[in-house]
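The next block is work-v2.pdb, given as PDB, C-alpha atoms.
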ATOM      1  CA  MET Y   1     102.663  82.023  95.498
ATOM      2  CA  ILE Y   2      99.599  82.836  97.584
ATOM      3  CA  ALA Y   3     101.113  86.224  98.401
ATOM      4  CA  VAL Y   4     101.743  86.845  94.684
ATOM      5  CA  VAL Y   5      98.171  85.860  93.790
ATOM      6  CA  ARG Y   6      96.772  88.121  96.519
ATOM      7  CA  SER Y   7      98.894  91.101  95.496
ATOM      8  CA  GLU Y   8      98.205  90.580  91.770
ATOM      9  CA  LEU Y   9      94.449  90.414  92.326
ATOM     10  CA  TYR Y  10      94.629  93.544  94.471
ATOM     11  CA  ARG Y  11      96.732  95.334  91.833
ATOM     12  CA  LEU Y  12      94.364  94.392  89.003
ATOM     13  CA  SER Y  13      91.327  95.556  90.976
ATOM     14  CA  THR Y  14      92.861  98.892  92.002
ATOM     15  CA  ILE Y  15      94.515  99.963  88.737
ATOM     16  CA  ARG Y  16      91.820 102.040  87.076
ATOM     17  CA  SER Y  17      92.581 100.973  83.503
ATOM     18  CA  SER Y  18      92.474  97.264  84.402
ATOM     19  CA  ALA Y  19      89.223  97.545  86.367
ATOM     20  CA  LEU Y  20      87.661  99.664  83.605
ATOM     21  CA  SER Y  21      88.662  97.295  80.803
ATOM     22  CA  LEU Y  22      87.347  94.351  82.828
ATOM     23  CA  ALA Y  23      84.006  96.121  83.315
ATOM     24  CA  ILE Y  24      83.779  97.133  79.626
ATOM     25  CA  PHE Y  25      84.592  93.640  78.347
ATOM     26  CA  THR Y  26      82.133  92.074  80.793
ATOM     27  CA  GLY Y  27      79.391  94.413  79.572
ATOM     28  CA  LEU Y  28      80.310  93.764  75.950
ATOM     29  CA  GLY Y  29      80.255  90.022  76.620
ATOM     30  CA  THR Y  30      76.771  90.326  78.076
ATOM     31  CA  ILE Y  31      75.570  92.206  74.981
ATOM     32  CA  LEU Y  32      77.178  89.678  72.612
ATOM     33  CA  GLY Y  33      75.642  86.866  74.655
ATOM     34  CA  MET Y  34      72.221  88.281  73.784
ATOM     35  CA  ILE Y  35      73.118  88.150  70.092
ATOM     36  CA  GLY Y  36      74.503  84.597  70.190
ATOM     37  CA  SER Y  37      76.599  82.250  72.288
ATOM     38  CA  ASP Y  38      79.249  81.953  69.539
ATOM     39  CA  PHE Y  39      79.940  85.694  69.678
ATOM     40  CA  TRP Y  40      80.173  85.558  73.460
ATOM     41  CA  ALA Y  41      82.553  82.562  73.385
ATOM     42  CA  LEU Y  42      84.774  84.419  70.912
ATOM     43  CA  LEU Y  43      84.894  87.509  73.124
ATOM     44  CA  ALA Y  44      85.491  85.391  76.234
ATOM     45  CA  GLY Y  45      88.596  83.851  74.683
ATOM     46  CA  VAL Y  46      89.988  87.104  73.307
ATOM     47  CA  GLY Y  47      89.165  88.983  76.522
ATOM     48  CA  ALA Y  48      90.742  86.328  78.744
ATOM     49  CA  PHE Y  49      93.866  86.357  76.558
ATOM     50  CA  GLY Y  50      94.020  90.150  76.820
ATOM     51  CA  PHE Y  51      93.634  90.142  80.597
ATOM     52  CA  GLY Y  52      96.426  87.592  80.850
ATOM     53  CA  VAL Y  53      98.705  89.729  78.681
ATOM     54  CA  THR Y  54      98.055  92.988  80.507
ATOM     55  CA  GLY Y  55      98.246  91.401  83.955
ATOM     56  CA  VAL Y  56     101.830  90.271  83.408
ATOM     57  CA  SER Y  57     103.108  92.922  80.991
ATOM     58  CA  GLN Y  58     102.074  95.823  83.245
ATOM     59  CA  HIS Y  59     104.970  94.953  85.547
ATOM     60  CA  PHE Y  60     107.406  95.542  82.703
ATOM     61  CA  GLN Y  61     105.526  98.551  81.337
ATOM     62  CA  HIS Y  62     105.374 100.315  84.717
ATOM     63  CA  ARG Y  63     108.890  99.210  85.761
ATOM     64  CA  THR Y  64     107.629  97.324  88.827
ATOM     65  CA  ALA Y  65     109.116  93.996  87.725
ATOM     66  CA  VAL Y  66     112.440  94.830  89.410
ATOM     67  CA  LEU Y  67     110.711  95.502  92.724
ATOM     68  CA  LEU Y  68     108.589  92.379  92.325
ATOM     69  CA  TYR Y  69     111.625  90.157  91.739
ATOM     70  CA  LEU Y  70     113.620  91.826  94.523
ATOM     71  CA  ALA Y  71     110.780  91.132  96.962
ATOM     72  CA  ARG Y  72     110.265  87.615  95.622
ATOM     73  CA  PRO Y  73     113.493  86.383  94.019
ATOM     74  CA  ARG Y  74     112.115  82.959  93.011
ATOM     75  CA  ARG Y  75     110.831  83.994  89.628
ATOM     76  CA  ILE Y  76     109.252  80.651  88.751
ATOM     77  CA  ARG Y  77     107.002  80.949  91.808
ATOM     78  CA  VAL Y  78     106.108  84.485  90.761
ATOM     79  CA  LEU Y  79     105.245  83.215  87.270
ATOM     80  CA  ILE Y  80     103.077  80.419  88.685
ATOM     81  CA  GLY Y  81     101.328  82.930  90.951
ATOM     82  CA  GLN Y  82     100.670  85.204  87.973
ATOM     83  CA  LEU Y  83      99.293  82.282  85.941
ATOM     84  CA  ILE Y  84      96.969  81.327  88.794
ATOM     85  CA  THR Y  85      95.824  84.950  88.996
ATOM     86  CA  THR Y  86      94.998  85.006  85.292
ATOM     87  CA  VAL Y  87      92.999  81.786  85.654
ATOM     88  CA  ILE Y  88      90.957  83.406  88.448
ATOM     89  CA  VAL Y  89      90.389  86.617  86.464
ATOM     90  CA  GLY Y  90      89.626  84.751  83.223
ATOM     91  CA  PHE Y  91      87.204  82.424  84.993
ATOM     92  CA  GLY Y  92      85.439  85.281  86.776
ATOM     93  CA  PHE Y  93      85.198  87.393  83.618
ATOM     94  CA  THR Y  94      83.807  84.470  81.610
ATOM     95  CA  ALA Y  95      81.366  83.443  84.349
ATOM     96  CA  ILE Y  96      79.867  86.925  84.742
ATOM     97  CA  SER Y  97      79.855  87.968  81.085
ATOM     98  CA  GLY Y  98      78.180  84.717  80.056
ATOM     99  CA  LEU Y  99      75.317  84.762  82.535
ATOM    100  CA  ILE Y 100      72.907  85.809  79.796
ATOM    101  CA  VAL Y 101      73.964  82.740  77.759
ATOM    102  CA  LEU Y 102      73.224  80.552  80.770
ATOM    103  CA  ILE Y 103      69.875  82.260  81.389
ATOM    104  CA  GLN Y 104      68.915  81.743  77.734
ATOM    105  CA  GLY Y 105      69.305  78.004  78.290
ATOM    106  CA  ASN Y 106      72.632  77.335  76.551
ATOM    107  CA  ARG Y 107      74.083  75.682  79.639
ATOM    108  CA  GLU Y 108      76.505  73.329  77.860
ATOM    109  CA  ARG Y 109      78.130  76.112  75.813
ATOM    110  CA  TYR Y 110      78.416  78.252  78.953
ATOM    111  CA  LEU Y 111      80.142  75.525  80.977
ATOM    112  CA  ILE Y 112      82.526  74.499  78.202
ATOM    113  CA  THR Y 113      83.584  78.095  77.540
ATOM    114  CA  LEU Y 114      83.894  78.661  81.288
ATOM    115  CA  LEU Y 115      86.500  75.893  81.391
ATOM    116  CA  VAL Y 116      88.317  76.743  78.143
ATOM    117  CA  ALA Y 117      88.576  80.574  78.278
ATOM    118  CA  PRO Y 118      90.907  80.606  81.325
ATOM    119  CA  ILE Y 119      93.366  78.530  79.270
ATOM    120  CA  MET Y 120      93.539  81.477  76.859
ATOM    121  CA  ALA Y 121      94.273  83.716  79.855
ATOM    122  CA  VAL Y 122      97.200  81.479  80.820
ATOM    123  CA  LEU Y 123      98.414  81.497  77.205
ATOM    124  CA  GLY Y 124      98.330  85.310  77.200
ATOM    125  CA  ALA Y 125     100.105  85.622  80.554
ATOM    126  CA  ALA Y 126     102.845  83.184  79.558
ATOM    127  CA  ALA Y 127     103.308  84.937  76.213
ATOM    128  CA  ALA Y 128     103.586  88.283  78.040
ATOM    129  CA  ALA Y 129     106.332  86.870  80.262
ATOM    130  CA  ILE Y 130     108.251  86.101  77.062
ATOM    131  CA  ALA Y 131     107.529  89.246  75.011
ATOM    132  CA  ARG Y 132     107.280  91.688  78.001
ATOM    133  CA  SER Y 133     105.464  94.254  75.826
ATOM    134  CA  ALA Y 134     101.677  94.301  75.651
ATOM    135  CA  THR Y 135     101.635  96.465  72.517
ATOM    136  CA  MET Y 136     104.038  94.228  70.632
ATOM    137  CA  LEU Y 137     102.147  91.136  71.754
ATOM    138  CA  PHE Y 138      98.707  92.482  70.777
ATOM    139  CA  VAL Y 139      99.944  93.613  67.346
ATOM    140  CA  GLY Y 140     101.610  90.232  66.853
ATOM    141  CA  PHE Y 141      98.460  88.439  68.025
ATOM    142  CA  VAL Y 142      96.242  90.298  65.532
ATOM    143  CA  ALA Y 143      98.722  89.718  62.701
ATOM    144  CA  TRP Y 144      98.995  86.037  63.649
ATOM    145  CA  ILE Y 145      95.215  85.564  63.628
ATOM    146  CA  ILE Y 146      94.675  87.414  60.334
ATOM    147  CA  PHE Y 147      97.619  86.155  58.286
ATOM    148  CA  VAL Y 148      98.510  82.767  59.774
ATOM    149  CA  GLU Y 149      95.337  81.332  61.247
ATOM    150  CA  ALA Y 150      92.643  82.937  59.059
ATOM    151  CA  MET Y 151      94.305  83.380  55.651
ATOM    152  CA  TYR Y 152      96.780  80.506  55.665
ATOM    153  CA  GLY Y 153      95.122  78.008  57.995
ATOM    154  CA  LYS Y 154      91.475  78.911  57.185
ATOM    155  CA  LEU Y 155      90.877  78.530  60.963
ATOM    156  CA  GLN Y 156      91.162  74.758  60.449
ATOM    157  CA  GLU Y 157      94.827  74.104  61.212
ATOM    158  CA  PRO Y 158      95.847  72.986  64.738
ATOM    159  CA  LEU Y 159      96.892  76.490  65.796
ATOM    160  CA  PRO Y 160      96.128  78.144  69.162
ATOM    161  CA  PHE Y 161      93.230  80.460  68.347
ATOM    162  CA  SER Y 162      91.578  78.019  65.922
ATOM    163  CA  ALA Y 163      91.938  75.307  68.562
ATOM    164  CA  TYR Y 164      90.274  77.580  71.133
ATOM    165  CA  LEU Y 165      87.273  78.230  68.881
ATOM    166  CA  ASP Y 166      86.684  74.512  68.381
ATOM    167  CA  ALA Y 167      87.469  73.636  72.008
ATOM    168  CA  ALA Y 168      84.866  76.187  73.159
ATOM    169  CA  SER Y 169      82.379  74.244  71.036
ATOM    170  CA  GLY Y 170      83.213  71.008  72.843
ATOM    171  CA  ASP Y 171      85.897  69.487  70.591
ATOM    172  CA  VAL Y 172      88.129  67.502  72.981
ATOM    173  CA  GLN Y 173      90.906  66.972  70.420
ATOM    174  CA  LYS Y 174      91.208  70.723  69.815
ATOM    175  CA  LEU Y 175      91.201  71.286  73.586
ATOM    176  CA  LEU Y 176      94.260  69.030  73.838
ATOM    177  CA  ILE Y 177      95.917  71.000  71.029
ATOM    178  CA  LEU Y 178      95.196  74.263  72.866
ATOM    179  CA  LEU Y 179      96.620  72.788  76.064
ATOM    180  CA  GLY Y 180      99.742  71.748  74.126
ATOM    181  CA  TRP Y 181     100.268  75.280  72.803
ATOM    182  CA  THR Y 182      99.699  76.692  76.282
ATOM    183  CA  LEU Y 183     102.154  74.268  77.882
ATOM    184  CA  ALA Y 184     104.799  75.106  75.266
ATOM    185  CA  THR Y 185     104.305  78.824  75.972
ATOM    186  CA  ILE Y 186     104.560  78.243  79.745
ATOM    187  CA  ILE Y 187     107.867  76.404  79.223
ATOM    188  CA  GLY Y 188     109.101  79.313  77.100
ATOM    189  CA  ALA Y 189     108.010  81.751  79.824
ATOM    190  CA  ALA Y 190     109.823  79.722  82.498
ATOM    191  CA  VAL Y 191     113.031  80.086  80.476
ATOM    192  CA  ALA Y 192     112.469  83.736  79.469
ATOM    193  CA  ILE Y 193     111.615  84.908  82.980
ATOM    194  CA  ARG Y 194     115.259  84.460  83.986
ATOM    195  CA  ARG Y 195     116.352  87.165  81.511
ATOM    196  CA  ASP Y 196     117.898  90.323  82.864
ATOM    197  CA  LEU Y 197     115.547  93.273  83.280
ATOM    198  CA  THR Y 198     118.024  96.031  82.428
ATOM    199  CA  GLY Y 199     117.187  95.938  78.704
ATOM    200  CA  ASP Y 200     113.457  96.458  79.305
TER     201      ASP Y 200
END
Translate this file's structure into structure tokens.
Amino acid sequence: MIAVVRSELYRLSTIRSSALSLAIFTGLGTILGMIGSDFWALLAGVGAFGFGVTGVSQHFQHRTAVLLYLARPRRIRVLIGQLITTVIVGFGFTAISGLIVLIQGNRERYLITLLVAPIMAVLGAAAAAIARSATMLFVGFVAWIIFVEAMYGKLQEPLPFSAYLDAASGDVQKLLILLGWTLATIIGAAVAIRRDLTGD
């Protein structure tokens, strides 16, 4: 798993599109942090989710998943290594992009979001292990937020994104709901990761 984490971190830092998107989102997070901590917390969750999705789905998009699983045939260990990697990236992204929020004196919001945003990264990575397509997952994520969570649930129902927004504000009950959704997605990923790669 350590070897997977090392290689995944190296891959994410050397692929130009990943490094560029990380830099852009960090800069955008800093700007939104100047406007308000709520905007920054929102971007931190969405950005961490996106980094989790792209980190895992790139293997399927670039056809490197076969080589990865041939080199490391224990797929569950690979999945755990990828989830750990997304926690590291999500934590680092949130920590750096939110420095302005911390400097402005909103220490509690900064620390809570710093702990909650990496959970969104794990949710995104586990979902990508199931869906295997970043495009399909992002389109589905946007549709889910607009139609299910915003229009139907009014962002009040115990659904993943709504739970993140409240958990980033310090709601412990919603944090447990978010952890439940994340755990369910990890279990689904652990089952889906055994699928054959020839259809991808």
Inset, instruction - Go ahead and find all residues with at least one atom no further than 12 Å from (101.7, 88.1, 93.5) in the file's coordinates, using only C-alpha atoms; report them as a ChimeraX atom specification. - result: /Y:1-12,55-56,59,64-65,67-69,71-86
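One distance worth recording is that between atom CA of Ala128 of chain Y and atom CA of Leu159 of chain Y, which is 18.3 Å.
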Inset, instruction - Identify which of the residues Y:Gly98, Y:Gly140, Y:Gly90, Y:Gly180 lies closest to Ser37 of chain Y, counting only C-alpha atoms when measuring atom-to-atom distances. - result: Y:Gly98
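For the atom pair formed by atom CA of Gly50 of chain Y and atom CA of Ala134 of chain Y, the distance is 8.8 Å, given to one decimal.
Atom CA of Ser57 of chain Y lies 11.1 Å from atom CA of Phe138 of chain Y.
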Legend entry - Pro160 of chain Y environment, 8 Å, all atoms listed in the file, sequence neighbours closer than 6 positions dropped, as JSON, numbers by chain: {"Y": [177, 178, 181]}
Inset, instruction - Identify all residues satisfying the PyMOL selection byres ((chain Y and resi 42-44) around 10) in the given file; provide them as a PyMOL selection string. - result: chain Y and resi 25-26+28-30+32-33+37-41+45-50+90-91+93-95+97-98+113-114+116-118+120-121+161+164-165+168
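Closest approach to Leu183 of chain Y from the set Y:Ala129, Y:Val122, Y:Met136, Y:Leu99 is made by Y:Val122, with distances taken over all atoms listed in the file.
In this comparison, which uses all atoms listed in the file, the residue of Y:Ile146, Y:Ile119, Y:Ile100, Y:Ala127 approaching Ala167 of chain Y most closely is Y:Ile119.
For the residues Y:Ile145, Y:Ile112, Y:Ile130, Y:Ala163, ranking by smallest atom-to-atom distance to Ile193 of chain Y using all atoms listed in the file places Y:Ile130 first.
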Legend entry - Spatial neighbours of Ile186 of chain Y, max dist 8 Å, all atoms listed in the file, sep filter under 3 positions, as a ChimeraX atom specification: /Y:123,126-127,182-183,189-190
For segment 69-82 of chain Y in the structure I just supplied, write out all heavy atoms - as a PDB file, in the first residue's frame.
ATOM      1  N   TYR Y  69      -2.796  -3.372 -11.989  1.00  0.00           N
ATOM      2  CA  TYR Y  69      -3.254  -4.606 -11.349  1.00  0.00           C
ATOM      3  C   TYR Y  69      -2.342  -5.793 -11.660  1.00  0.00           C
ATOM      4  O   TYR Y  69      -2.296  -6.749 -10.895  1.00  0.00           O
ATOM      5  CB  TYR Y  69      -4.695  -4.912 -11.748  1.00  0.00           C
ATOM      6  CG  TYR Y  69      -5.685  -3.896 -11.217  1.00  0.00           C
ATOM      7  CD1 TYR Y  69      -6.793  -3.530 -11.961  1.00  0.00           C
ATOM      8  CD2 TYR Y  69      -5.500  -3.294  -9.978  1.00  0.00           C
ATOM      9  CE1 TYR Y  69      -7.708  -2.600 -11.483  1.00  0.00           C
ATOM     10  CE2 TYR Y  69      -6.403  -2.357  -9.490  1.00  0.00           C
ATOM     11  CZ  TYR Y  69      -7.503  -2.018 -10.253  1.00  0.00           C
ATOM     12  OH  TYR Y  69      -8.393  -1.094  -9.769  1.00  0.00           O
ATOM     13  N   LEU Y  70      -1.639  -5.752 -12.786  1.00  0.00           N
ATOM     14  CA  LEU Y  70      -0.649  -6.802 -13.054  1.00  0.00           C
ATOM     15  C   LEU Y  70       0.542  -6.665 -12.106  1.00  0.00           C
ATOM     16  O   LEU Y  70       1.079  -7.651 -11.606  1.00  0.00           O
ATOM     17  CB  LEU Y  70      -0.164  -6.741 -14.505  1.00  0.00           C
ATOM     18  CG  LEU Y  70      -1.119  -7.299 -15.562  1.00  0.00           C
ATOM     19  CD1 LEU Y  70      -0.583  -7.036 -16.949  1.00  0.00           C
ATOM     20  CD2 LEU Y  70      -1.344  -8.791 -15.353  1.00  0.00           C
ATOM     21  N   ALA Y  71       0.949  -5.433 -11.853  1.00  0.00           N
ATOM     22  CA  ALA Y  71       2.079  -5.191 -10.942  1.00  0.00           C
ATOM     23  C   ALA Y  71       1.680  -5.448  -9.494  1.00  0.00           C
ATOM     24  O   ALA Y  71       2.503  -5.919  -8.701  1.00  0.00           O
ATOM     25  CB  ALA Y  71       2.593  -3.771 -11.107  1.00  0.00           C
ATOM     26  N   ARG Y  72       0.436  -5.134  -9.170  1.00  0.00           N
ATOM     27  CA  ARG Y  72      -0.049  -5.317  -7.797  1.00  0.00           C
ATOM     28  C   ARG Y  72      -1.403  -6.011  -7.864  1.00  0.00           C
ATOM     29  O   ARG Y  72      -2.447  -5.357  -7.886  1.00  0.00           O
ATOM     30  CB  ARG Y  72      -0.162  -3.959  -7.104  1.00  0.00           C
ATOM     31  CG  ARG Y  72       1.189  -3.299  -6.953  1.00  0.00           C
ATOM     32  CD  ARG Y  72       1.089  -1.946  -6.307  1.00  0.00           C
ATOM     33  NE  ARG Y  72       2.420  -1.421  -6.061  1.00  0.00           N
ATOM     34  CZ  ARG Y  72       3.124  -0.738  -6.958  1.00  0.00           C
ATOM     35  NH1 ARG Y  72       2.622  -0.510  -8.151  1.00  0.00           N
ATOM     36  NH2 ARG Y  72       4.331  -0.291  -6.661  1.00  0.00           N
ATOM     37  N   PRO Y  73      -1.391  -7.347  -7.890  1.00  0.00           N
ATOM     38  CA  PRO Y  73      -2.635  -8.093  -8.126  1.00  0.00           C
ATOM     39  C   PRO Y  73      -3.669  -8.017  -6.991  1.00  0.00           C
ATOM     40  O   PRO Y  73      -4.827  -8.318  -7.217  1.00  0.00           O
ATOM     41  CB  PRO Y  73      -2.179  -9.534  -8.332  1.00  0.00           C
ATOM     42  CG  PRO Y  73      -0.737  -9.578  -8.036  1.00  0.00           C
ATOM     43  CD  PRO Y  73      -0.222  -8.207  -7.874  1.00  0.00           C
ATOM     44  N   ARG Y  74      -3.266  -7.615  -5.797  1.00  0.00           N
ATOM     45  CA  ARG Y  74      -4.228  -7.514  -4.696  1.00  0.00           C
ATOM     46  C   ARG Y  74      -4.953  -6.174  -4.812  1.00  0.00           C
ATOM     47  O   ARG Y  74      -4.499  -5.151  -4.299  1.00  0.00           O
ATOM     48  CB  ARG Y  74      -3.512  -7.637  -3.357  1.00  0.00           C
ATOM     49  CG  ARG Y  74      -2.883  -9.005  -3.213  1.00  0.00           C
ATOM     50  CD  ARG Y  74      -2.324  -9.213  -1.856  1.00  0.00           C
ATOM     51  NE  ARG Y  74      -1.746 -10.538  -1.771  1.00  0.00           N
ATOM     52  CZ  ARG Y  74      -1.306 -11.059  -0.667  1.00  0.00           C
ATOM     53  NH1 ARG Y  74      -1.385 -10.380   0.460  1.00  0.00           N
ATOM     54  NH2 ARG Y  74      -0.800 -12.267  -0.652  1.00  0.00           N
ATOM     55  N   ARG Y  75      -6.081  -6.227  -5.475  1.00  0.00           N
ATOM     56  CA  ARG Y  75      -6.787  -4.999  -5.832  1.00  0.00           C
ATOM     57  C   ARG Y  75      -7.325  -4.235  -4.620  1.00  0.00           C
ATOM     58  O   ARG Y  75      -7.413  -3.010  -4.665  1.00  0.00           O
ATOM     59  CB  ARG Y  75      -7.931  -5.312  -6.806  1.00  0.00           C
ATOM     60  CG  ARG Y  75      -7.434  -5.798  -8.152  1.00  0.00           C
ATOM     61  CD  ARG Y  75      -8.577  -5.969  -9.121  1.00  0.00           C
ATOM     62  NE  ARG Y  75      -8.105  -6.509 -10.393  1.00  0.00           N
ATOM     63  CZ  ARG Y  75      -8.844  -6.614 -11.463  1.00  0.00           C
ATOM     64  NH1 ARG Y  75     -10.111  -6.225 -11.442  1.00  0.00           N
ATOM     65  NH2 ARG Y  75      -8.353  -7.107 -12.582  1.00  0.00           N
ATOM     66  N   ILE Y  76      -7.691  -4.942  -3.577  1.00  0.00           N
ATOM     67  CA  ILE Y  76      -8.188  -4.256  -2.379  1.00  0.00           C
ATOM     68  C   ILE Y  76      -7.087  -3.387  -1.787  1.00  0.00           C
ATOM     69  O   ILE Y  76      -7.327  -2.248  -1.376  1.00  0.00           O
ATOM     70  CB  ILE Y  76      -8.697  -5.270  -1.333  1.00  0.00           C
ATOM     71  CG1 ILE Y  76      -9.928  -6.012  -1.863  1.00  0.00           C
ATOM     72  CG2 ILE Y  76      -9.017  -4.583  -0.012  1.00  0.00           C
ATOM     73  CD1 ILE Y  76     -11.151  -5.142  -2.070  1.00  0.00           C
ATOM     74  N   ARG Y  77      -5.857  -3.885  -1.772  1.00  0.00           N
ATOM     75  CA  ARG Y  77      -4.740  -3.086  -1.267  1.00  0.00           C
ATOM     76  C   ARG Y  77      -4.497  -1.866  -2.165  1.00  0.00           C
ATOM     77  O   ARG Y  77      -4.165  -0.795  -1.675  1.00  0.00           O
ATOM     78  CB  ARG Y  77      -3.469  -3.919  -1.178  1.00  0.00           C
ATOM     79  CG  ARG Y  77      -3.480  -4.890  -0.042  1.00  0.00           C
ATOM     80  CD  ARG Y  77      -2.135  -5.535   0.129  1.00  0.00           C
ATOM     81  NE  ARG Y  77      -2.199  -6.538   1.173  1.00  0.00           N
ATOM     82  CZ  ARG Y  77      -1.178  -7.297   1.509  1.00  0.00           C
ATOM     83  NH1 ARG Y  77      -0.026  -7.182   0.881  1.00  0.00           N
ATOM     84  NH2 ARG Y  77      -1.297  -8.178   2.479  1.00  0.00           N
ATOM     85  N   VAL Y  78      -4.649  -2.066  -3.461  1.00  0.00           N
ATOM     86  CA  VAL Y  78      -4.503  -0.934  -4.383  1.00  0.00           C
ATOM     87  C   VAL Y  78      -5.578   0.109  -4.084  1.00  0.00           C
ATOM     88  O   VAL Y  78      -5.288   1.309  -4.010  1.00  0.00           O
ATOM     89  CB  VAL Y  78      -4.589  -1.407  -5.854  1.00  0.00           C
ATOM     90  CG1 VAL Y  78      -4.661  -0.222  -6.801  1.00  0.00           C
ATOM     91  CG2 VAL Y  78      -3.416  -2.300  -6.201  1.00  0.00           C
ATOM     92  N   LEU Y  79      -6.819  -0.347  -3.890  1.00  0.00           N
ATOM     93  CA  LEU Y  79      -7.914   0.572  -3.581  1.00  0.00           C
ATOM     94  C   LEU Y  79      -7.637   1.333  -2.279  1.00  0.00           C
ATOM     95  O   LEU Y  79      -7.803   2.556  -2.224  1.00  0.00           O
ATOM     96  CB  LEU Y  79      -9.241  -0.188  -3.477  1.00  0.00           C
ATOM     97  CG  LEU Y  79     -10.467   0.641  -3.075  1.00  0.00           C
ATOM     98  CD1 LEU Y  79     -10.770   1.699  -4.129  1.00  0.00           C
ATOM     99  CD2 LEU Y  79     -11.667  -0.251  -2.836  1.00  0.00           C
ATOM    100  N   ILE Y  80      -7.193   0.634  -1.258  1.00  0.00           N
ATOM    101  CA  ILE Y  80      -6.891   1.291   0.018  1.00  0.00           C
ATOM    102  C   ILE Y  80      -5.773   2.313  -0.169  1.00  0.00           C
ATOM    103  O   ILE Y  80      -5.838   3.430   0.354  1.00  0.00           O
ATOM    104  CB  ILE Y  80      -6.532   0.249   1.097  1.00  0.00           C
ATOM    105  CG1 ILE Y  80      -7.757  -0.592   1.440  1.00  0.00           C
ATOM    106  CG2 ILE Y  80      -6.003   0.933   2.355  1.00  0.00           C
ATOM    107  CD1 ILE Y  80      -7.468  -1.802   2.302  1.00  0.00           C
ATOM    108  N   GLY Y  81      -4.748   1.948  -0.936  1.00  0.00           N
ATOM    109  CA  GLY Y  81      -3.666   2.888  -1.222  1.00  0.00           C
ATOM    110  C   GLY Y  81      -4.163   4.127  -1.954  1.00  0.00           C
ATOM    111  O   GLY Y  81      -3.743   5.255  -1.650  1.00  0.00           O
ATOM    112  N   GLN Y  82      -5.082   3.930  -2.908  1.00  0.00           N
ATOM    113  CA  GLN Y  82      -5.640   5.067  -3.638  1.00  0.00           C
ATOM    114  C   GLN Y  82      -6.498   5.947  -2.716  1.00  0.00           C
ATOM    115  O   GLN Y  82      -6.479   7.174  -2.831  1.00  0.00           O
ATOM    116  CB  GLN Y  82      -6.465   4.579  -4.829  1.00  0.00           C
ATOM    117  CG  GLN Y  82      -5.613   3.990  -5.933  1.00  0.00           C
ATOM    118  CD  GLN Y  82      -6.434   3.382  -7.047  1.00  0.00           C
ATOM    119  OE1 GLN Y  82      -7.505   2.826  -6.826  1.00  0.00           O
ATOM    120  NE2 GLN Y  82      -5.921   3.470  -8.271  1.00  0.00           N
TER     121      GLN Y  82
END
